[in-house]
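Participant: If you scroll down you'll find the structure; I have some questions about it.
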Amino acid sequence: MIKKITIASRESPLAIWQAEFIKSLIQKKHPSMEVSIKGFKTQGDILLDKSLATIGGKGLFIKELEYALLNREADLAVHSMKDLPMDIPEEFKLAAISKREDARDAFVSNKYSRLEDMPEGSIVGTSSLRRQSQIKSKYPHLIIKPLRGNLQTRLKKLDDDKYGAIILAAAGLIRLSLKDRIKNYICPSESFPAVGQGALGIEILSDNTIMTEFLKPLNDENTARCVLAERIVSRKLAGSCTVPLGAFASINEENFSIKGFVSKPDGSEIIYAEKNGLKSDFYKLGEALGDALIEKGAKDILSTL
């Protein structure tokens with residue numbers, strides 16, 4: 001019944017790549033389908049002189065795309081799951097989550113191979129409180145400075161010697177064929193990824209039942225289980241870019257593991273927790289991890305933010 005689809009996307013090179021990727025998945029299953037991409041400049045792409053925590057959070061990357069859905073300018077919107085707020089307005093729903101790319105953070109530098117190699121006073125670029133708190137906890141001798149803009153902009157600032165190193169999501173570098181810029185992958189135990197990092201989500205209008213069925217084959221069940229469990233943890237802890245927290249879930253056959261942390265922005269106090277079980281219980285395990293962090297004092301940390 002569907003003959004033509006329009007995808008709403010941010011205009012950054014990485015966002016367009018992601019939209020093109022979803023387009024390719026659709027056309028692989030429906031070769032005759034006409035699929036177009038419509039780019040939008042979001043407030044998150046425009047307001048680059050302030051941290052997300054002070055101007056409204058990651059939701060600034062998706063509002064214009066949701067307006068496009070409401071105005072019938074597009075049939076679906078493609079998001080990085082780490083940019084999708086925990087609470088989605090009732091007019092919209094998440095129709096599918098595609099197979100996850102590498103979820104780890106990446107250490108990128110022209111001078112050093114690892115964070116531990118950087119001398120005292122070296123500057124590390126990141127605007128993520130999650131990354132900042134973990135780096136400050138383990139490497140208090142390093143200086144953290146804000147870094148925003150699209151991937152190419154961030155890399156140029158590094159190449160202009162404004163930073164000794166920058167921390168980026170490995171997935172974005174891999175997708176844009178910039179894997180060779182990665183000096184070191186930071187394991188989740190050292191730098192917990194953002195909730196949903198590396199996965200793409202497809203958002204549609206909640207009453208679009210035809211599109212719901214159409215997109216079902218694009219959903220990767222194991223990725224969806226992991227990402228949804230991570231989002232449950234974040235939702236329990238009122239997660240946003242103003243809260244330094246991370247969660248990472250993995251599946252090995254029928255076994256499900258999820259780990260997470262909550263921290264003060266300066267890294268002076270960090271709480272960790274882990275839950276394991278069956279992948280069929282992913283929802284309960286996500287809730288249990290959130291509860292475990294709360295029992296260990298997460299609410300006390302959050303109350304100070």
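In the structure tokens, each chain is lettered A, B, ... as it comes, each chain's residues begin at 1, and ligands are numbered from 1 in order of appearance.
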Using only C-alpha atoms, which protein or nucleic acid residues come within 8 Å of Leu168 (chain A)? Drop anything in the same chain fewer than 6 positions from it, and give the result as an NGL selection string.
Facilitator: :A and (105-108 or 126)
Participant: Got a sec: who's within 12 Å of Lys3 (chain A), counting only C-alpha atoms, leaving out chain neighbours fewer than 2 positions off, as a ChimeraX atom specification?
Facilitator: /A:1,5-6,26-27,30-36,75,210-211,214
Participant: So that I can check the surroundings of Val243 (chain A), please list as a list in words every protein, DNA and RNA residue that reaches within 10 Å of it, counting only C-alpha atoms and ignoring chain neighbours fewer than 6 positions away.
Facilitator: Ala53, Ser128, Leu129, Arg130, Ser234, Leu237, Val262, Ser263, Lys264, Pro265, Ile301, Leu302 and Leu305 of chain A
Participant: Among region 59-92 of chain A, which residues does DSSP mark as strand (DSSP E or B) when it is run on the backbone? Keep the chain and numbering as in the structure and answer as a PyMOL selection string.
Facilitator: chain A and resi 76-80+92
Participant: Leaving out region 218-233 of chain A and any residue of its chain fewer than 4 positions from it, which residues lie within 8 Å of it when counting only C-alpha atoms, given as a PyMOL selection string?
Facilitator: chain A and resi 25-26+86+95-100+195-196+199+237+247-251+258+279+282-283+285-287+289-290
Participant: Which residues are close to Ile37 (chain A), i.e. within 8 Å by only C-alpha atoms, leaving aside same-chain residues fewer than 5 positions away? Reply as a PyMOL selection string.
Facilitator: chain A and resi 6-9+19-20
Participant: When you count only C-alpha atoms, which of these residues is closest to Arg175 (chain A): A:Lys23, A:Leu151, A:Ser257, A:Ser137?
Facilitator: A:Leu151
Participant: With a distance cut-off of 12 Å and only C-alpha atoms, select the neighbouring residues of Asp117 (chain A), excluding the residue or stretch itself and same-chain residues fewer than 5 positions from it, and output the selection as an MDAnalysis selection string.
Facilitator: chainID A and resid 107 109 111:112 122 139 141:142 164:165 183:184
Participant: In region 108-297 of chain A, what's alpha helix (DSSP H) per DSSP? Answer as a count of residues only?
Facilitator: 62
Participant: Would you mind reading off the distance between CA of Asp291 (chain A) and CA of Lys236 (chain A), one decimal, in Å?
Facilitator: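 Atom-to-atom, CA of Asp291 (chain A) to CA of Lys236 (chain A), that is 7.9 Å.
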